[in-house]
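Enquirer: Structure file target16.cif (mmCIF, C-alpha atoms) is given on the next line.
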```
data_run
#
loop_
_atom_site.group_PDB
_atom_site.id
_atom_site.type_symbol
_atom_site.label_atom_id
_atom_site.label_comp_id
_atom_site.auth_asym_id
_atom_site.auth_seq_id
_atom_site.Cartn_x
_atom_site.Cartn_y
_atom_site.Cartn_z
ATOM 1 C CA MET A 164 82.735 147.726 83.999
ATOM 2 C CA ASN A 165 82.610 150.757 81.661
ATOM 3 C CA LEU A 166 86.084 152.380 81.616
ATOM 4 C CA THR A 167 84.691 155.916 81.988
ATOM 5 C CA LEU A 168 82.568 154.889 84.946
ATOM 6 C CA ALA A 169 85.528 153.178 86.586
ATOM 7 C CA ARG A 170 87.608 156.356 86.289
ATOM 8 C CA LYS A 171 84.825 158.411 87.834
ATOM 9 C CA ILE A 172 84.585 156.006 90.777
ATOM 10 C CA ARG A 173 88.377 156.092 91.335
ATOM 11 C CA GLY A 174 88.310 159.912 91.191
ATOM 12 C CA LEU A 175 85.487 160.007 93.744
ATOM 13 C CA PHE A 176 87.393 157.784 96.177
ATOM 14 C CA ARG A 177 90.538 159.899 95.787
ATOM 15 C CA ARG A 178 88.590 163.085 96.554
ATOM 16 C CA LEU A 179 87.290 161.355 99.681
ATOM 17 C CA GLY A 180 90.897 160.745 100.766
ATOM 18 C CA PHE A 181 91.322 157.079 99.844
ATOM 19 C CA ASP A 182 94.555 155.846 98.269
ATOM 20 C CA ILE A 183 93.767 153.713 95.209
ATOM 21 C CA GLN A 184 96.309 151.008 94.405
ATOM 22 C CA LYS A 185 96.219 148.221 91.865
ATOM 23 C CA ILE A 186 96.383 144.748 93.364
ATOM 24 C CA PRO A 187 98.950 142.654 91.488
ATOM 25 C CA ARG A 188 97.634 139.467 89.920
ATOM 26 C CA VAL A 189 99.232 136.276 91.241
ATOM 27 C CA THR A 190 99.952 134.058 88.269
ATOM 28 C CA ALA A 191 102.654 131.688 89.570
ATOM 29 C CA ILE A 192 102.175 128.956 92.180
ATOM 30 C CA PRO A 193 105.338 128.323 94.214
ATOM 31 C CA ASP A 194 106.709 124.812 93.602
ATOM 32 C CA ALA A 195 104.022 124.244 90.980
ATOM 33 C CA GLU A 196 105.664 121.011 89.796
ATOM 34 C CA PHE A 197 104.739 119.357 93.106
ATOM 35 C CA TYR A 198 100.998 119.962 92.727
ATOM 36 C CA ALA A 199 99.171 116.904 91.374
ATOM 37 C CA PRO A 200 96.629 118.521 91.705
ATOM 38 C CA LEU A 201 97.290 119.260 95.420
ATOM 39 C CA PHE A 202 100.696 119.910 96.963
ATOM 40 C CA SER A 203 102.392 116.482 97.035
ATOM 41 C CA PRO A 204 105.832 116.786 98.677
ATOM 42 C CA TRP A 205 106.389 113.008 98.503
ATOM 43 C CA ARG A 206 107.036 113.485 94.774
ATOM 44 C CA GLY A 207 110.585 114.588 95.540
ATOM 45 C CA TYR A 208 110.239 117.898 97.334
ATOM 46 C CA GLY A 209 113.043 119.187 99.569
ATOM 47 C CA ASP A 210 115.125 116.940 101.812
ATOM 48 C CA PHE A 211 112.782 113.985 101.358
ATOM 49 C CA ASN A 212 114.020 113.421 97.819
ATOM 50 C CA GLU A 213 117.458 112.313 99.042
ATOM 51 C CA TYR A 214 115.952 109.960 101.627
ATOM 52 C CA TYR A 215 113.535 108.309 99.246
ATOM 53 C CA ARG A 216 116.201 107.717 96.610
ATOM 54 C CA ALA A 217 118.107 105.697 99.225
ATOM 55 C CA VAL A 218 114.988 103.687 100.105
ATOM 56 C CA GLN A 219 113.102 102.953 96.924
ATOM 57 C CA SER A 220 115.133 100.079 95.470
ATOM 58 C CA HIS A 221 114.960 98.118 98.750
ATOM 59 C CA SER A 222 111.356 98.594 99.802
ATOM 60 C CA LEU A 223 107.746 97.876 98.851
ATOM 61 C CA VAL A 224 106.648 100.997 100.751
ATOM 62 C CA SER A 225 105.437 103.629 98.295
ATOM 63 C CA GLU A 226 106.728 107.200 98.192
ATOM 64 C CA GLU A 227 103.695 108.756 99.925
ATOM 65 C CA ARG A 228 103.909 106.210 102.759
ATOM 66 C CA CYS A 229 107.632 106.860 103.105
ATOM 67 C CA TYR A 230 106.865 110.565 103.350
ATOM 68 C CA VAL A 231 104.481 109.894 106.265
ATOM 69 C CA LEU A 232 107.249 107.938 107.998
ATOM 70 C CA PHE A 233 109.792 110.649 107.262
ATOM 71 C CA SER A 234 107.589 113.440 108.634
ATOM 72 C CA LEU A 235 106.435 111.695 111.804
ATOM 73 C CA ALA A 236 109.879 110.300 112.559
ATOM 74 C CA ARG A 237 111.376 113.795 112.384
ATOM 75 C CA GLN A 238 108.857 114.973 114.975
ATOM 76 C CA ALA A 239 109.447 111.922 117.176
ATOM 77 C CA LEU A 240 113.144 112.858 117.461
ATOM 78 C CA ALA A 241 112.100 115.508 119.979
ATOM 79 C CA LEU A 242 110.939 112.787 122.409
ATOM 80 C CA ASN A 243 114.393 111.228 122.836
ATOM 81 C CA GLY A 244 113.104 107.664 122.814
ATOM 82 C CA GLU A 245 113.931 104.535 120.847
ATOM 83 C CA PHE A 246 112.854 103.961 117.247
ATOM 84 C CA TRP A 247 111.435 100.520 116.436
ATOM 85 C CA GLU A 248 110.643 98.847 113.145
ATOM 86 C CA CYS A 249 108.750 95.568 113.206
ATOM 87 C CA GLY A 250 108.838 94.004 109.768
ATOM 88 C CA VAL A 251 112.040 95.050 108.026
ATOM 89 C CA TYR A 252 112.050 92.885 104.867
ATOM 90 C CA LYS A 253 114.944 94.152 102.710
ATOM 91 C CA GLY A 254 115.671 97.173 104.892
ATOM 92 C CA GLY A 255 114.419 100.056 102.752
ATOM 93 C CA THR A 256 112.551 102.052 105.393
ATOM 94 C CA ALA A 257 115.171 101.081 107.971
ATOM 95 C CA ILE A 258 117.661 102.972 105.795
ATOM 96 C CA LEU A 259 115.427 106.036 106.024
ATOM 97 C CA PHE A 260 115.314 105.848 109.838
ATOM 98 C CA SER A 261 119.045 105.196 110.095
ATOM 99 C CA LYS A 262 119.907 108.198 107.926
ATOM 100 C CA LEU A 263 117.490 110.417 109.832
ATOM 101 C CA LEU A 264 118.843 109.405 113.233
ATOM 102 C CA HIS A 265 122.423 109.790 112.069
ATOM 103 C CA GLU A 266 121.848 113.288 110.752
ATOM 104 C CA HIS A 267 119.526 114.607 113.459
ATOM 105 C CA GLY A 268 119.347 112.344 116.493
ATOM 106 C CA ASN A 269 122.490 110.319 117.115
ATOM 107 C CA GLY A 270 123.963 112.967 119.404
ATOM 108 C CA ARG A 271 121.402 111.904 122.002
ATOM 109 C CA GLY A 272 122.170 108.212 121.677
ATOM 110 C CA VAL A 273 118.856 107.254 120.062
ATOM 111 C CA ARG A 274 118.640 103.523 119.275
ATOM 112 C CA LEU A 275 117.046 102.005 116.194
ATOM 113 C CA ARG A 276 115.770 98.467 116.800
ATOM 114 C CA LEU A 277 114.871 96.255 113.838
ATOM 115 C CA PHE A 278 112.677 93.194 114.384
ATOM 116 C CA ASP A 279 112.149 90.579 111.688
ATOM 117 C CA THR A 280 112.564 86.877 110.995
ATOM 118 C CA PHE A 281 114.782 87.978 108.077
ATOM 119 C CA ASP A 282 113.616 84.687 106.555
ATOM 120 C CA GLY A 283 110.071 85.365 105.407
ATOM 121 C CA MET A 284 106.622 85.284 106.959
ATOM 122 C CA PRO A 285 106.121 83.103 110.072
ATOM 123 C CA GLU A 286 103.004 80.970 110.640
ATOM 124 C CA THR A 287 99.802 82.828 109.749
ATOM 125 C CA ASP A 288 96.119 82.509 110.648
ATOM 126 C CA ALA A 289 94.188 81.130 107.678
ATOM 127 C CA GLU A 290 90.936 82.626 108.991
ATOM 128 C CA LYS A 291 92.307 86.166 109.348
ATOM 129 C CA ASP A 292 95.270 86.500 106.983
ATOM 130 C CA ARG A 293 95.802 86.233 103.264
ATOM 131 C CA HIS A 294 99.574 85.913 103.531
ATOM 132 C CA ARG A 295 101.062 82.477 104.078
ATOM 133 C CA ARG A 296 104.129 81.139 105.814
ATOM 134 C CA GLY A 297 107.281 81.849 103.810
ATOM 135 C CA ASP A 298 106.048 84.930 101.957
ATOM 136 C CA PHE A 299 108.795 87.591 101.549
ATOM 137 C CA HIS A 300 111.546 85.048 102.116
ATOM 138 C CA ASP A 301 113.880 86.708 99.576
ATOM 139 C CA THR A 302 115.947 88.501 102.204
ATOM 140 C CA SER A 303 118.417 87.703 104.957
ATOM 141 C CA LEU A 304 119.837 89.218 108.110
ATOM 142 C CA GLU A 305 123.290 89.522 106.585
ATOM 143 C CA THR A 306 122.184 91.360 103.434
ATOM 144 C CA VAL A 307 120.063 93.787 105.448
ATOM 145 C CA ARG A 308 122.854 94.334 107.964
ATOM 146 C CA GLN A 309 125.244 95.263 105.159
ATOM 147 C CA ARG A 310 122.653 97.584 103.621
ATOM 148 C CA ILE A 311 121.872 99.700 106.705
ATOM 149 C CA PRO A 312 124.206 102.696 107.093
ATOM 150 C CA HIS A 313 125.414 104.109 110.415
ATOM 151 C CA ALA A 314 124.923 100.751 112.158
ATOM 152 C CA SER A 315 126.626 101.818 115.409
ATOM 153 C CA PHE A 316 123.234 102.709 116.919
ATOM 154 C CA VAL A 317 121.215 99.991 115.111
ATOM 155 C CA GLU A 318 120.347 96.689 116.796
ATOM 156 C CA PHE A 319 118.982 93.691 114.897
ATOM 157 C CA HIS A 320 116.531 91.328 116.579
ATOM 158 C CA ALA A 321 116.155 88.278 114.356
ATOM 159 C CA GLY A 322 113.355 85.824 115.084
ATOM 160 C CA VAL A 323 109.622 85.663 115.624
ATOM 161 C CA ILE A 324 107.621 88.387 117.373
ATOM 162 C CA PRO A 325 106.891 88.551 120.324
ATOM 163 C CA GLN A 326 109.784 86.316 121.447
ATOM 164 C CA THR A 327 112.266 88.842 120.075
ATOM 165 C CA PHE A 328 110.799 91.520 122.374
ATOM 166 C CA ALA A 329 112.179 89.694 125.424
ATOM 167 C CA GLY A 330 114.610 91.883 127.376
ATOM 168 C CA ARG A 331 113.143 95.114 126.022
ATOM 169 C CA GLU A 332 110.620 95.590 128.826
ATOM 170 C CA ASN A 333 112.246 98.838 129.992
ATOM 171 C CA SER A 334 112.319 100.438 126.550
ATOM 172 C CA ARG A 335 110.921 103.939 126.077
ATOM 173 C CA ILE A 336 109.673 104.181 122.507
ATOM 174 C CA ALA A 337 109.221 107.408 120.561
ATOM 175 C CA PHE A 338 108.370 105.928 117.182
ATOM 176 C CA ALA A 339 107.348 102.500 115.924
ATOM 177 C CA HIS A 340 106.763 101.369 112.365
ATOM 178 C CA VAL A 341 104.706 98.171 112.364
ATOM 179 C CA ASP A 342 104.772 96.459 108.967
ATOM 180 C CA VAL A 343 104.207 92.787 109.799
ATOM 181 C CA ASP A 344 101.062 92.174 107.697
ATOM 182 C CA ILE A 345 99.402 89.458 109.794
ATOM 183 C CA TYR A 346 96.932 89.400 112.675
ATOM 184 C CA HIS A 347 98.880 87.810 115.532
ATOM 185 C CA ALA A 348 102.092 89.717 114.838
ATOM 186 C CA VAL A 349 100.241 93.057 114.745
ATOM 187 C CA ARG A 350 98.389 92.214 117.977
ATOM 188 C CA ASP A 351 101.649 91.259 119.676
ATOM 189 C CA CYS A 352 103.286 94.493 118.515
ATOM 190 C CA CYS A 353 100.395 96.548 119.882
ATOM 191 C CA GLY A 354 100.442 94.725 123.197
ATOM 192 C CA PHE A 355 104.154 95.284 123.769
ATOM 193 C CA ILE A 356 104.804 98.657 122.156
ATOM 194 C CA TYR A 357 101.757 100.615 123.288
ATOM 195 C CA PRO A 358 102.483 100.520 127.063
ATOM 196 C CA ARG A 359 106.049 101.689 126.344
ATOM 197 C CA LEU A 360 105.137 104.436 123.877
ATOM 198 C CA LEU A 361 106.104 107.877 125.158
ATOM 199 C CA PRO A 362 103.366 110.528 125.354
ATOM 200 C CA GLY A 363 103.233 112.141 121.931
ATOM 201 C CA GLY A 364 104.949 109.143 120.354
ATOM 202 C CA PHE A 365 103.767 107.454 117.165
ATOM 203 C CA ILE A 366 102.883 103.984 115.948
ATOM 204 C CA VAL A 367 102.484 103.765 112.182
ATOM 205 C CA PHE A 368 100.731 100.643 110.899
ATOM 206 C CA ASP A 369 101.812 100.289 107.295
ATOM 207 C CA ASP A 370 99.274 97.750 106.053
ATOM 208 C CA TYR A 371 96.137 98.696 107.988
ATOM 209 C CA GLY A 372 94.061 99.552 104.924
ATOM 210 C CA PHE A 373 95.342 97.001 102.423
ATOM 211 C CA PRO A 374 92.957 94.259 101.256
ATOM 212 C CA SER A 375 95.919 91.866 101.255
ATOM 213 C CA CYS A 376 96.231 92.302 105.048
ATOM 214 C CA PRO A 377 92.729 92.101 106.604
ATOM 215 C CA GLY A 378 94.161 90.660 109.810
ATOM 216 C CA ALA A 379 96.293 93.768 110.352
ATOM 217 C CA ARG A 380 93.271 96.038 110.434
ATOM 218 C CA GLN A 381 91.333 93.631 112.651
ATOM 219 C CA ALA A 382 94.197 93.478 115.149
ATOM 220 C CA VAL A 383 94.535 97.271 115.389
ATOM 221 C CA ASP A 384 90.788 97.828 115.723
ATOM 222 C CA GLU A 385 90.447 95.189 118.429
ATOM 223 C CA PHE A 386 93.408 96.459 120.429
ATOM 224 C CA PHE A 387 92.423 100.132 120.401
ATOM 225 C CA HIS A 388 88.724 99.455 120.946
ATOM 226 C CA ASP A 389 88.995 100.392 124.635
ATOM 227 C CA LYS A 390 91.927 102.818 124.417
ATOM 228 C CA PRO A 391 91.653 106.623 124.305
ATOM 229 C CA GLU A 392 93.695 106.797 121.110
ATOM 230 C CA VAL A 393 91.775 106.654 117.831
ATOM 231 C CA PRO A 394 93.785 105.302 114.870
ATOM 232 C CA LEU A 395 93.965 107.896 112.107
ATOM 233 C CA VAL A 396 93.418 106.100 108.794
ATOM 234 C CA LEU A 397 95.223 107.729 105.869
ATOM 235 C CA PRO A 398 94.490 107.567 102.132
ATOM 236 C CA SER A 399 97.883 105.867 101.770
ATOM 237 C CA GLY A 400 96.529 102.745 103.520
ATOM 238 C CA GLN A 401 98.440 103.463 106.716
ATOM 239 C CA ALA A 402 96.954 104.082 110.143
ATOM 240 C CA VAL A 403 98.663 106.298 112.718
ATOM 241 C CA VAL A 404 98.271 106.192 116.500
ATOM 242 C CA ILE A 405 99.544 109.103 118.591
ATOM 243 C CA ALA A 406 99.971 108.346 122.285
ATOM 244 C CA MET A 407 97.805 110.415 124.618
ATOM 245 C CA PRO A 408 99.461 112.221 127.554
ATOM 246 C CA ASP A 409 97.670 109.985 130.087
ATOM 247 C CA LYS A 410 97.049 106.436 128.914
ATOM 248 C CA LYS A 411 95.300 105.521 132.171
ATOM 249 C CA PHE A 412 92.162 107.065 130.648
ATOM 250 C CA THR A 413 90.415 104.096 129.055
ATOM 251 C CA THR A 414 86.934 105.246 128.032
ATOM 252 C CA LYS A 415 86.178 106.264 124.476
ATOM 253 C CA MET A 416 83.202 107.933 122.870
ATOM 254 C CA ARG A 417 81.087 105.535 120.807
ATOM 255 C CA TRP A 418 79.436 106.678 117.620
#
```
Would you mind writing the structure in this file as structure tokens?
Expert:
Amino acid sequence: MNLTLARKIRGLFRRLGFDIQKIPRVTAIPDAEFYAPLFSPWRGYGDFNEYYRAVQSHSLVSEERCYVLFSLARQALALNGEFWECGVYKGGTAILFSKLLHEHGNGRGVRLRLFDTFDGMPETDAEKDRHRRGDFHDTSLETVRQRIPHASFVEFHAGVIPQTFAGRENSRIAFAHVDVDIYHAVRDCCGFIYPRLLPGGFIVFDDYGFPSCPGARQAVDEFFHDKPEVPLVLPSGQAVVIAMPDKKFTTKMRW
């Protein structure tokens, strides 16, 4: 705009009683180093950085998936229910949950239950799974037990799912991380955990979207086909289920 014309317009507005102020130009983006190109807090932003540094050398779960676990687990603390992890491997994400419960939830006696063979993959279904028996065998109960901090509220359940669920029928679950990779184990986790999931509680399926785990996705889709909850599939490959307030409602809109 012509400078002289602009001055005339400003003078006119002032004579009409308007206050003319210059709007400052915003040139800096807060926390610009965490934009890649969108805000990506899993790249080490805030408190999460400390948690992920404790996890990363003992886990195959990537930083963005750990951030999903970290965020949802923090919210689940408000429900005052148990935390479950099915599929522990070397204990990386279990460390995250243990630290979180110790720092924010142990005053309410929240339990962390860890379910795994601690000896590799059990028998798989050759028609549904790509993993085979014995995969991920480079771990053990003793090494994971020594690795998990704050073990006073952590219980280890070594063996094959669903047999290791026996005796937990009265559990009230606020958060479950299901990372078992194979069809039958995922189905068994859904069948046991879902009825005991508190309203507003979460199940996070780690391997739902991975081509290496087609049986995991099939199991989740089949189980929730007639449930009111709709699994939320994330770009990370995870799927999240949030328990509805009334799980007696069993009809679902079909597209």
Enquirer: Would you translate the PyMOL selection byres ((chain A and resi 333-346) around 6) into the concrete set of residues it matches in this file, as a ChimeraX atom specification?
Expert: /A:239,242,244-250,292,331-332,347-349,359-361,364-369,376,378-379,382
Enquirer: In Å, with one decimal, what is the gap from atom CA of A:Pro325 to atom CA of A:Asp351?
Expert: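 Going from atom CA of A:Pro325 over to atom CA of A:Asp351 covers 5.9 Å.
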Enquirer: Mind giving me the straight-line distance from atom CA of A:Ser222 to atom CA of A:Ala289 in Å, one decimal?
Expert: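 About the pair atom CA of A:Ser222 and atom CA of A:Ala289: they are 25.7 Å apart.
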Enquirer: Find the residue from A:Ala321, A:Ala191, A:Ile405, A:Leu201 that sits nearest to A:Val393; use only C-alpha atoms when measuring.
Expert: A:Ile405
Enquirer: So what do you get for atom CA of A:Leu304 versus atom CA of A:Thr256, distance-wise?
Expert: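 Interatomic distance, atom CA of A:Leu304 to atom CA of A:Thr256: 15.0 Å.
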Enquirer: A:Val231: which residues within 12 Å, counting only C-alpha atoms, same-chain residues fewer than 4 positions away excluded, as number ranges by chain?
Expert: A: 203-205, 211, 215, 224-227, 235-238, 256, 259, 340, 365-369, 396-403
Enquirer: Quick one: what's the axis-aligned box for stretch 167-172 of chain A, all listed atoms, 6 Å on every side, centre and edges in Å to one decimal, as AutoDock Vina command-line options?
Expert:
```
--center_x 85.1 --center_y 155.8 --center_z 86.4 --size_x 17.0 --size_y 17.2 --size_z 20.8
```
Enquirer: Could you check the closest approach to A:Leu223 for each of A:Val273, A:Phe299, A:Ala406, A:His294 and tell me which residue wins, using all atoms listed in the file?
Expert: A:Phe299
